[in-house]
Structure formats: C-alpha cells, structure tokens
Amino acid sequence: METSQAVATNETFAAQSFALTRRQRILSTLQRVPIFPLFILVALVFTAVSADFIAPHNPEVGNLRSRYRPPVWQDRGSWEYILGTDHMGRDMLSRLLFGARISLLVGVTAAVFAGTLGTTLGIMSGFMGGWVDQVIMRLTDAWLALPGVTFAILFAVLIQPSKWNIIIILGIVYWTRYARVIRGEVLSLKERDYVRLATVAGCSRAKIMWTHILPNVANSAIVIATLQIGVSIITEATLSFLGVGVAPPEPAWGLMLAEGKSGLMAGYWWLSVLPGLCIMFVVLSANLLGDWFRVWSDPQLRQL
Amino acid sequence: MQGYIIRRVLYAMVSMILLSITIFCLVRITGDPAVLMAEPGAKEEDLQAIRREFGLDKPIVVQYVLFVKSIMRGDFGKSIYYRIPAFDLYLQRLPASLLLASVAMTISLMIGIPVGIFSAVRINTWFDNFGKIFAILGLSLPSFWVGLMLILTLSVYLNWLPSSGAESWKHLIMPAFSLGWVFTAAHMRLARSAMLEVLGSEYIKLARIKGLSERLVIYKHAFKNAVIPVLTLAGINLVLMVNVAVVVESVFAWPGVGRLLYEGISFRDFPVVQTTVLMGGLMFVSVNLVVDILYAYIDPRIRYGN
C-alpha cells in the first residue's frame, strides 16, 4: 500500500524514503550494492584460496593418453575431465581453478604495489612542491610517454620473468596514474586550514603528509586501485601470452591461452574459450566494482 | 606563446632523455651487451674485440653519450637475428602497422561515434544501457582473446577469412577489428559525454528556442561540436594503436612493428627491441607535444595559465 502511494504521488526522494518500510529500505540498499561483481569476486577469492581442495586433478601433471579431451557434454567427453584436457592431458578445470589464484595474486598485489608507490610519490610531489614536484612530474611524463604494455614487455624481456617479477613490473609501470591524481588532490588539500593549523602547531612535514594528507587521499587511491586490478590482470595475461610472463608449467590463464592457440585451428575450442571467459568475468567484475565504488565514495556523483 | 612552446619542447626532450637513460641502464644492468652481440660460445678475446669496437670498455657516462650520438645519426645497431640495421627493419615494418592502425581506427570511429552520440540523445533508454554494457565489455576483454575468438568463429568454423598473414584485404579484417575493439569503447564513452555536455549548453537551448526541429538541433548544431574531442583523442590513439598492436599482430602474424617487437623478444634480439621501444616513445612524445601546442593555440587560457 505504501509503495503504491509513494509511486503514485510523485514526491521528493526524502518524502519517499520516509514512507518506505524497513524491509523496503533494506531492499533498496541492496539494489545499490553491485551484486554481480561481488558474487564473481567472492567466488574468485574462494577458488583461489581453496584450489588445493576443490580441484579434481593436479594442474601441472597430465596424462598423455588423454590429451585434447573435450568437455563432458561433447562426444568423447567424460565426467573425469569435466571441462576437457589440454595438449598435455592436463585437466582444464583444475588449471582454471589454480589460474584464479595467480590472477588474483598478481592483480591485487600489483595494484597495491603500484598504489603505494604512486600515492607516496603523488603526496610528496603535491605537498613538497619545488624541485621534488618537478622531478616527479617529469618522471611521470616520461613514464606516460610509453604505452604500458610495451614498457612491461621491455622489462619482462630483461628481467627473468616469474610471478613475482611480473608484480614488480606491473607496479613499476602503472604507478603514474595514482601519482597524477593524488598530486592534484594534495595541491588543494594542502591549502586547507587544518593543514595550516598543523604546520603552526609544529608538526613536521612528514607527519603532516602521513597523518593529515594520506587519510584524505586514501579514498581516491582505493578507487584507482580497484579499477587497476582489471588492467593488471589483462596485462599479466598479455605478457604470459607473449611468453614473457608467468613461466610454464604454472596454470596462468594467459599462458593457457598461448598454449591453446596451437589447438585452435584443429577446433579444440575449449582451450581458448574457457580461460578467456574467466579473464573476462573477473576483469568485468573488477571494473564494475571500481565504477560503483567511485560513485559511492563521491557524493556529488551519487547526487545526494 | 613562444615561451609556452619552448617549455613544452623542453619537457618533451626531458621525457625522451629519461626514456633513453632507462633503456640504456636496463640493458647494462641485465647483462653484458657484448655477450648478446657475439656468436654463442665466443671466446674471451672476441668479446674483448667487440667491447673495444662498440666502446663498451669506456666509462659508463662516455658510453651513454656515444649511445645518444649514434641514435642521433639514426644508427640503432644491427639486428642480431636479421643481420641488417635495426632502424631499417623498423622502417620496413612501419607501413604495415600504420595500415592496420588506420583501418582499426576507422572501424572504432565508425562504431564508437554514432553509438556514443545516439546514447547521449536517448539517455537512460535501453539503447543507452546497451551502449554502457558494450563499453564496459570492451574495456574488460583482452584484445588478443577477441582475436582468438574471431579466428575460431570466422576461420575455423565458418572458413570465411584467413587466420594469419598479410596477402590481401581479407587478412586485414580480423586484426583490425580486434585492435579497434578496445578503442571503440573508449571513443564511444567520450562521444557520449561530449554530446551530453554540448546538449546542455546555451547555444543548443537557443537553437531550440528558435524553434528548430530536433533533428536539425542534434545533427547540425550539436553533432559537430561533440565530435571534436573524439577526433583529438583519436589522433593520440592512432599512435598508441601502432604501439599496442604487438599482441594482435603476433596472434595474426601481421608483419608490423608490433610483430617485430615480438620477434625481438623471442630471439633475444636486443637492438630490435630497443629500437622499437625508443621509436614508439618518440612517436608518442611528439604527438603529445603537437596536441599540447595546438590546444594552446586554440585556447589562450592554457597559454597564460600555469
């Protein structure tokens, strides 16, 4: 009854929310939470953590007698290998499950690493100004002068690639975005009265940056980091695909795509389709969550 | 204006110097270039000879100056695999890359602009929502996977298009589409937001008050102004496309500079990798410089601000 009333009388938002019952209020809050991306990401975390227990086979050891088995719903498919096997007879499902662990590890750690580096440099650049600002900003320009993928490839060729090196490379390549945005915010933050007050009260510059500036830019850093997870995962897959990322026989999704490419012309579609779908769903969720978080953390965008 | 241009050119030069130092140091940190240049299993005397020939026995600062000098002369070293100058190799491959990038750009603009503009005109309808989903999908799919899926459907199952090589225009369709895919989403988003901004401006209101038909308002007055920022971005993106095509080119065996970079990686052909990366950086810095100066020329606020 109350709902129809609220809809029928085209009242303001405030009036409507007063008319809502408790249950409706919970429902409308839930609607604003991004269910789909959260569901995918929770599933990803669960898979990454418990891959050892839920994977039916060893992801790195295959049975050469059962190579190129299709998924269970096709001819020749069996319940033993639900999603089929690859060119070395390794179980696709197990490899995909363990691949989630690598993607999550690389994506999140790289975003955090790049975020720490970029935020630190951004705060220093914005707050200290002068030559520090000049040096950091010119460095940012030079970094931005290269497409991230090319730069990552250059590093990866020179440094022996491994899971951890990829994280370092992605961190070194993608810190610039944080530095630019954070510097801009710090420039306006440092003119605020509470920062001046802290200076008058005798706080050191390091102390002001750490306790007064950092908490105020943390929100933006987290928003960029969430959006950056997707970019990191795609770049990792790209590097692995090119053979300069995660080294075989580890089950990284990009590596699986590279290995599956040779089976493509023979029609072994599951080798190429499945890892790609995994990448797509994870990156899509990270992007959606990042977008949602950006709007949520900025009341102006939320139109409140 | 002059001061502004000089400052911008200086910044661009600083960018290039930093880039060259980074590349120079990386090569020296990660291994002896003499070993890379010599035949596998070369003797110590041969290595010494190479070091003397290329000045690798001199102090590091002198080496860097020599490195920059030779680059200025257009001498990027010889490809270890192909045995011809790396720069010539780069120039040989560039036309194919430019062709691919132009076609990919045309595809992305032909899809991105109309969809973006129409989304803005019909904001919050099913079409707009469809566009949003399309854009976020475009940013979430790795371009090489789009390429693999195209090969699977169009080459393997339907047998319409060849899966690799560069003999005819048919070979161009799939790589161009997978390369253009990501950029389509970006151009669409920008076209939409630019159109929304234009539609909210005063002169559009005036055109409506004058009683012009909605079609005339949108397609004659709003459209042109909304397209300007998209075309600017497209100019920058064209250079970006040449440089990020490495994965797409290696999937489709397209003989461009991206494929050259990939070969350089596979054969550990360092002069080739170095040339490709440096040239990519140079193209990018130059385009950004031109855009900065053009903007300042159009908009005096940029010139006098700062």
# chains A, B, ... in the order shown; residues from 1 in each chain; ligands from 1
>>> interface_residues(of="chain B", to="chain A", cutoff="7 Å", atoms="only C-alpha atoms", output="VMD selection string")
chain B and resid 15 to 16 18 to 19 30 137 140 to 142 145 152 156 240 243 to 244 265 277 281 284 to 285
>>> write_last_selection(atoms="N, CA and C atoms", output="PDB file, in the first residue's frame")
ATOM      1  N   SER B  15      61.570  14.131 -21.304  1.00  0.00           N
ATOM      2  CA  SER B  15      60.921  12.812 -21.352  1.00  0.00           C
ATOM      3  C   SER B  15      61.757  11.834 -22.158  1.00  0.00           C
ATOM      4  N   MET B  16      62.192  12.263 -23.333  1.00  0.00           N
ATOM      5  CA  MET B  16      62.959  11.361 -24.200  1.00  0.00           C
ATOM      6  C   MET B  16      64.298  10.991 -23.568  1.00  0.00           C
ATOM      7  N   LEU B  18      65.011  10.876 -20.329  1.00  0.00           N
ATOM      8  CA  LEU B  18      64.741   9.919 -19.252  1.00  0.00           C
ATOM      9  C   LEU B  18      64.497   8.525 -19.821  1.00  0.00           C
ATOM     10  N   LEU B  19      63.728   8.498 -20.909  1.00  0.00           N
ATOM     11  CA  LEU B  19      63.417   7.211 -21.534  1.00  0.00           C
ATOM     12  C   LEU B  19      64.688   6.524 -22.032  1.00  0.00           C
ATOM     13  N   THR B  30      71.185  -5.720 -16.901  1.00  0.00           N
ATOM     14  CA  THR B  30      70.709  -7.093 -17.007  1.00  0.00           C
ATOM     15  C   THR B  30      71.621  -8.000 -17.808  1.00  0.00           C
ATOM     16  N   LEU B 137      32.253  -3.944 -21.559  1.00  0.00           N
ATOM     17  CA  LEU B 137      32.775  -5.210 -22.106  1.00  0.00           C
ATOM     18  C   LEU B 137      34.039  -4.956 -22.911  1.00  0.00           C
ATOM     19  N   SER B 140      36.960  -4.757 -20.809  1.00  0.00           N
ATOM     20  CA  SER B 140      37.249  -5.930 -19.988  1.00  0.00           C
ATOM     21  C   SER B 140      37.788  -7.114 -20.783  1.00  0.00           C
ATOM     22  N   LEU B 141      37.715  -7.053 -22.111  1.00  0.00           N
ATOM     23  CA  LEU B 141      38.188  -8.190 -22.899  1.00  0.00           C
ATOM     24  C   LEU B 141      39.604  -7.931 -23.397  1.00  0.00           C
ATOM     25  N   PRO B 142      40.521  -8.850 -23.171  1.00  0.00           N
ATOM     26  CA  PRO B 142      41.853  -8.675 -23.749  1.00  0.00           C
ATOM     27  C   PRO B 142      41.749  -8.741 -25.277  1.00  0.00           C
ATOM     28  N   TRP B 145      42.363 -12.005 -27.023  1.00  0.00           N
ATOM     29  CA  TRP B 145      41.324 -13.032 -26.898  1.00  0.00           C
ATOM     30  C   TRP B 145      40.203 -12.779 -27.898  1.00  0.00           C
ATOM     31  N   LEU B 152      38.457 -18.396 -34.279  1.00  0.00           N
ATOM     32  CA  LEU B 152      37.688 -19.622 -34.034  1.00  0.00           C
ATOM     33  C   LEU B 152      36.380 -19.621 -34.827  1.00  0.00           C
ATOM     34  N   VAL B 156      37.927 -20.957 -38.388  1.00  0.00           N
ATOM     35  CA  VAL B 156      37.854 -22.402 -38.158  1.00  0.00           C
ATOM     36  C   VAL B 156      36.469 -22.942 -38.498  1.00  0.00           C
ATOM     37  N   LEU B 240      49.078   5.376 -30.315  1.00  0.00           N
ATOM     38  CA  LEU B 240      49.023   4.335 -29.293  1.00  0.00           C
ATOM     39  C   LEU B 240      48.756   2.977 -29.933  1.00  0.00           C
ATOM     40  N   ASN B 243      51.567   1.118 -31.309  1.00  0.00           N
ATOM     41  CA  ASN B 243      52.455   0.580 -30.291  1.00  0.00           C
ATOM     42  C   ASN B 243      51.858  -0.510 -29.411  1.00  0.00           C
ATOM     43  N   VAL B 244      50.527  -0.581 -29.319  1.00  0.00           N
ATOM     44  CA  VAL B 244      49.971  -1.662 -28.500  1.00  0.00           C
ATOM     45  C   VAL B 244      49.547  -2.835 -29.361  1.00  0.00           C
ATOM     46  N   ILE B 265      61.694 -10.079 -28.966  1.00  0.00           N
ATOM     47  CA  ILE B 265      61.635 -10.748 -27.667  1.00  0.00           C
ATOM     48  C   ILE B 265      62.003 -12.217 -27.806  1.00  0.00           C
ATOM     49  N   VAL B 277      61.034   0.151 -29.021  1.00  0.00           N
ATOM     50  CA  VAL B 277      60.549   0.864 -27.841  1.00  0.00           C
ATOM     51  C   VAL B 277      60.887   2.347 -27.928  1.00  0.00           C
ATOM     52  N   GLY B 281      58.237   5.437 -28.169  1.00  0.00           N
ATOM     53  CA  GLY B 281      58.256   6.547 -27.215  1.00  0.00           C
ATOM     54  C   GLY B 281      58.371   7.880 -27.930  1.00  0.00           C
ATOM     55  N   PHE B 284      55.112   8.866 -29.533  1.00  0.00           N
ATOM     56  CA  PHE B 284      54.122   9.232 -28.520  1.00  0.00           C
ATOM     57  C   PHE B 284      54.396  10.625 -27.969  1.00  0.00           C
ATOM     58  N   VAL B 285      55.671  10.878 -27.625  1.00  0.00           N
ATOM     59  CA  VAL B 285      56.040  12.182 -27.074  1.00  0.00           C
ATOM     60  C   VAL B 285      55.759  13.282 -28.102  1.00  0.00           C
TER      61      VAL B 285
END
>>> residues_around(residues="Val248 (chain B)", least_positions_apart="5", cutoff="7 Å", atoms="only C-alpha atoms", output="ChimeraX atom specification")
/B:143-144,147,175,179
>>> residues_around(residues="Gln228 (chain A)", least_positions_apart="2", cutoff="10 Å", atoms="only C-alpha atoms", output="PDB file with N, CA and C atoms, in the first residue's frame")
ATOM      1  N   GLY A 107      46.962  -9.583  -9.793  1.00  0.00           N
ATOM      2  CA  GLY A 107      46.118  -8.397  -9.936  1.00  0.00           C
ATOM      3  C   GLY A 107      46.111  -7.539  -8.690  1.00  0.00           C
ATOM      4  N   VAL A 108      45.833  -8.155  -7.543  1.00  0.00           N
ATOM      5  CA  VAL A 108      45.695  -7.385  -6.309  1.00  0.00           C
ATOM      6  C   VAL A 108      47.051  -6.872  -5.834  1.00  0.00           C
ATOM      7  N   ALA A 110      49.820  -6.352  -7.490  1.00  0.00           N
ATOM      8  CA  ALA A 110      50.364  -5.322  -8.379  1.00  0.00           C
ATOM      9  C   ALA A 110      49.650  -3.998  -8.157  1.00  0.00           C
ATOM     10  N   ALA A 111      48.308  -4.043  -8.002  1.00  0.00           N
ATOM     11  CA  ALA A 111      47.557  -2.805  -7.784  1.00  0.00           C
ATOM     12  C   ALA A 111      47.978  -2.146  -6.477  1.00  0.00           C
ATOM     13  N   VAL A 112      48.189  -2.960  -5.427  1.00  0.00           N
ATOM     14  CA  VAL A 112      48.599  -2.411  -4.136  1.00  0.00           C
ATOM     15  C   VAL A 112      50.008  -1.833  -4.225  1.00  0.00           C
ATOM     16  N   ALA A 114      51.664  -0.773  -6.972  1.00  0.00           N
ATOM     17  CA  ALA A 114      51.643   0.449  -7.774  1.00  0.00           C
ATOM     18  C   ALA A 114      50.994   1.582  -6.974  1.00  0.00           C
ATOM     19  N   GLY A 115      49.947   1.251  -6.224  1.00  0.00           N
ATOM     20  CA  GLY A 115      49.240   2.256  -5.436  1.00  0.00           C
ATOM     21  C   GLY A 115      50.129   2.857  -4.369  1.00  0.00           C
ATOM     22  N   TYR A 174      52.627   0.920 -13.690  1.00  0.00           N
ATOM     23  CA  TYR A 174      51.313   1.544 -13.513  1.00  0.00           C
ATOM     24  C   TYR A 174      51.185   2.500 -12.329  1.00  0.00           C
ATOM     25  N   TRP A 175      52.303   2.991 -11.769  1.00  0.00           N
ATOM     26  CA  TRP A 175      52.156   3.902 -10.631  1.00  0.00           C
ATOM     27  C   TRP A 175      51.743   5.308 -11.041  1.00  0.00           C
ATOM     28  N   ARG A 177      49.401   6.730 -12.781  1.00  0.00           N
ATOM     29  CA  ARG A 177      48.031   7.213 -12.697  1.00  0.00           C
ATOM     30  C   ARG A 177      47.711   7.681 -11.282  1.00  0.00           C
ATOM     31  N   TYR A 178      48.180   6.902 -10.299  1.00  0.00           N
ATOM     32  CA  TYR A 178      47.973   7.311  -8.909  1.00  0.00           C
ATOM     33  C   TYR A 178      48.664   8.645  -8.654  1.00  0.00           C
ATOM     34  N   ILE A 222      42.128   4.080  -3.399  1.00  0.00           N
ATOM     35  CA  ILE A 222      41.446   2.781  -3.409  1.00  0.00           C
ATOM     36  C   ILE A 222      40.594   2.642  -4.670  1.00  0.00           C
ATOM     37  N   VAL A 223      39.938   3.739  -5.071  1.00  0.00           N
ATOM     38  CA  VAL A 223      39.119   3.679  -6.291  1.00  0.00           C
ATOM     39  C   VAL A 223      39.995   3.336  -7.498  1.00  0.00           C
ATOM     40  N   ILE A 224      41.137   4.034  -7.630  1.00  0.00           N
ATOM     41  CA  ILE A 224      42.025   3.746  -8.769  1.00  0.00           C
ATOM     42  C   ILE A 224      42.514   2.312  -8.683  1.00  0.00           C
ATOM     43  N   ALA A 225      42.867   1.870  -7.466  1.00  0.00           N
ATOM     44  CA  ALA A 225      43.391   0.509  -7.305  1.00  0.00           C
ATOM     45  C   ALA A 225      42.374  -0.523  -7.776  1.00  0.00           C
ATOM     46  N   THR A 226      41.092  -0.314  -7.425  1.00  0.00           N
ATOM     47  CA  THR A 226      40.065  -1.280  -7.825  1.00  0.00           C
ATOM     48  C   THR A 226      39.976  -1.357  -9.342  1.00  0.00           C
ATOM     49  N   GLY A 230      41.782  -4.807 -12.813  1.00  0.00           N
ATOM     50  CA  GLY A 230      41.445  -5.355 -14.121  1.00  0.00           C
ATOM     51  C   GLY A 230      42.562  -5.160 -15.124  1.00  0.00           C
ATOM     52  N   VAL A 231      43.129  -3.945 -15.149  1.00  0.00           N
ATOM     53  CA  VAL A 231      44.226  -3.649 -16.083  1.00  0.00           C
ATOM     54  C   VAL A 231      45.411  -4.569 -15.804  1.00  0.00           C
ATOM     55  N   SER A 232      45.729  -4.752 -14.506  1.00  0.00           N
ATOM     56  CA  SER A 232      46.855  -5.613 -14.145  1.00  0.00           C
ATOM     57  C   SER A 232      46.619  -7.035 -14.614  1.00  0.00           C
ATOM     58  N   ILE A 233      45.396  -7.542 -14.411  1.00  0.00           N
ATOM     59  CA  ILE A 233      45.115  -8.925 -14.797  1.00  0.00           C
ATOM     60  C   ILE A 233      45.242  -9.086 -16.317  1.00  0.00           C
ATOM     61  N   ILE A 234      44.713  -8.106 -17.077  1.00  0.00           N
ATOM     62  CA  ILE A 234      44.813  -8.188 -18.537  1.00  0.00           C
ATOM     63  C   ILE A 234      46.273  -8.113 -18.977  1.00  0.00           C
ATOM     64  N   VAL A 283      37.759  -9.491 -14.867  1.00  0.00           N
ATOM     65  CA  VAL A 283      38.076  -8.096 -15.171  1.00  0.00           C
ATOM     66  C   VAL A 283      36.802  -7.255 -15.197  1.00  0.00           C
ATOM     67  N   ALA A 286      35.800  -6.550 -11.659  1.00  0.00           N
ATOM     68  CA  ALA A 286      36.672  -5.553 -11.034  1.00  0.00           C
ATOM     69  C   ALA A 286      36.319  -4.163 -11.550  1.00  0.00           C
ATOM     70  N   ASN A 287      36.072  -4.049 -12.873  1.00  0.00           N
ATOM     71  CA  ASN A 287      35.722  -2.744 -13.437  1.00  0.00           C
ATOM     72  C   ASN A 287      34.391  -2.237 -12.910  1.00  0.00           C
ATOM     73  N   GLY A 290      34.797  -1.185  -9.348  1.00  0.00           N
ATOM     74  CA  GLY A 290      35.536   0.075  -9.304  1.00  0.00           C
ATOM     75  C   GLY A 290      34.627   1.256  -9.635  1.00  0.00           C
TER      76      GLY A 290
END
>>> residues_around(residues="Leu105 (chain A)", least_positions_apart="5", cutoff="9 Å", atoms="only C-alpha atoms", output="ChimeraX atom specification")
/A:48,100,110,163,167
>>> atom_distance(atom1="CA of Leu38 (chain A)", atom2="CA of Gly118 (chain A)")
26.4 Å
>>> residues_around(residues="Thr275 (chain B)", least_positions_apart="5", cutoff="7 Å", atoms="only C-alpha atoms", output="PyMOL selection string")
chain B and resi 76+86-87
>>> write_last_selection(atoms="N, CA and C atoms", output="PDB file, in the first residue's frame")
ATOM      1  N   PHE B  76      70.877   2.593 -34.846  1.00  0.00           N
ATOM      2  CA  PHE B  76      70.342   1.924 -33.662  1.00  0.00           C
ATOM      3  C   PHE B  76      70.992   0.555 -33.449  1.00  0.00           C
ATOM      4  N   ALA B  86      68.843  -2.256 -37.375  1.00  0.00           N
ATOM      5  CA  ALA B  86      67.538  -2.389 -36.727  1.00  0.00           C
ATOM      6  C   ALA B  86      66.584  -1.294 -37.180  1.00  0.00           C
ATOM      7  N   PHE B  87      67.137  -0.109 -37.467  1.00  0.00           N
ATOM      8  CA  PHE B  87      66.277   1.010 -37.856  1.00  0.00           C
ATOM      9  C   PHE B  87      65.640   0.762 -39.225  1.00  0.00           C
TER      10      PHE B  87
END
>>> residues_around(residues="Phe46 (chain A)", least_positions_apart="4", cutoff="12 Å", atoms="only C-alpha atoms", output="JSON, numbers by chain")
{"A": [38, 39, 40, 41, 42, 50, 51, 52, 53, 54, 97, 98, 100, 101, 104]}
>>> write_last_selection(atoms="C-alpha atoms", output="mmCIF file, in the first residue's frame")
data_model
loop_
_atom_site.group_PDB
_atom_site.id
_atom_site.type_symbol
_atom_site.label_atom_id
_atom_site.label_comp_id
_atom_site.auth_asym_id
_atom_site.auth_seq_id
_atom_site.Cartn_x
_atom_site.Cartn_y
_atom_site.Cartn_z
ATOM 1 C CA LEU A 38 30.713 -9.030 -5.736
ATOM 2 C CA PHE A 39 29.436 -12.542 -6.412
ATOM 3 C CA ILE A 40 32.113 -13.174 -9.066
ATOM 4 C CA LEU A 41 34.896 -11.733 -6.943
ATOM 5 C CA VAL A 42 33.858 -13.669 -3.831
ATOM 6 C CA SER A 50 40.681 -23.440 -1.728
ATOM 7 C CA ALA A 51 42.016 -24.557 -5.128
ATOM 8 C CA ASP A 52 44.057 -27.283 -3.402
ATOM 9 C CA PHE A 53 40.907 -28.910 -2.029
ATOM 10 C CA ILE A 54 38.361 -28.452 -4.794
ATOM 11 C CA LEU A 97 40.856 -23.093 -10.654
ATOM 12 C CA PHE A 98 44.549 -22.711 -9.894
ATOM 13 C CA ALA A 100 42.340 -17.936 -10.411
ATOM 14 C CA ARG A 101 44.939 -17.932 -7.647
ATOM 15 C CA LEU A 104 44.095 -12.721 -8.060
#
>>> select_by_dssp(residues="region 172-282 of chain B", states="alpha helix (DSSP H)", output="MDAnalysis selection string")
chainID B and resid 172:199 202:209 214:216 223:244 246:252 257:266 270:282
>>> residues_around(residues="Ile228 (chain B)", least_positions_apart="3", cutoff="12 Å", atoms="only C-alpha atoms", output="ChimeraX atom specification")
/B:113,187,190-191,194-195,198,222-225,231-235,295
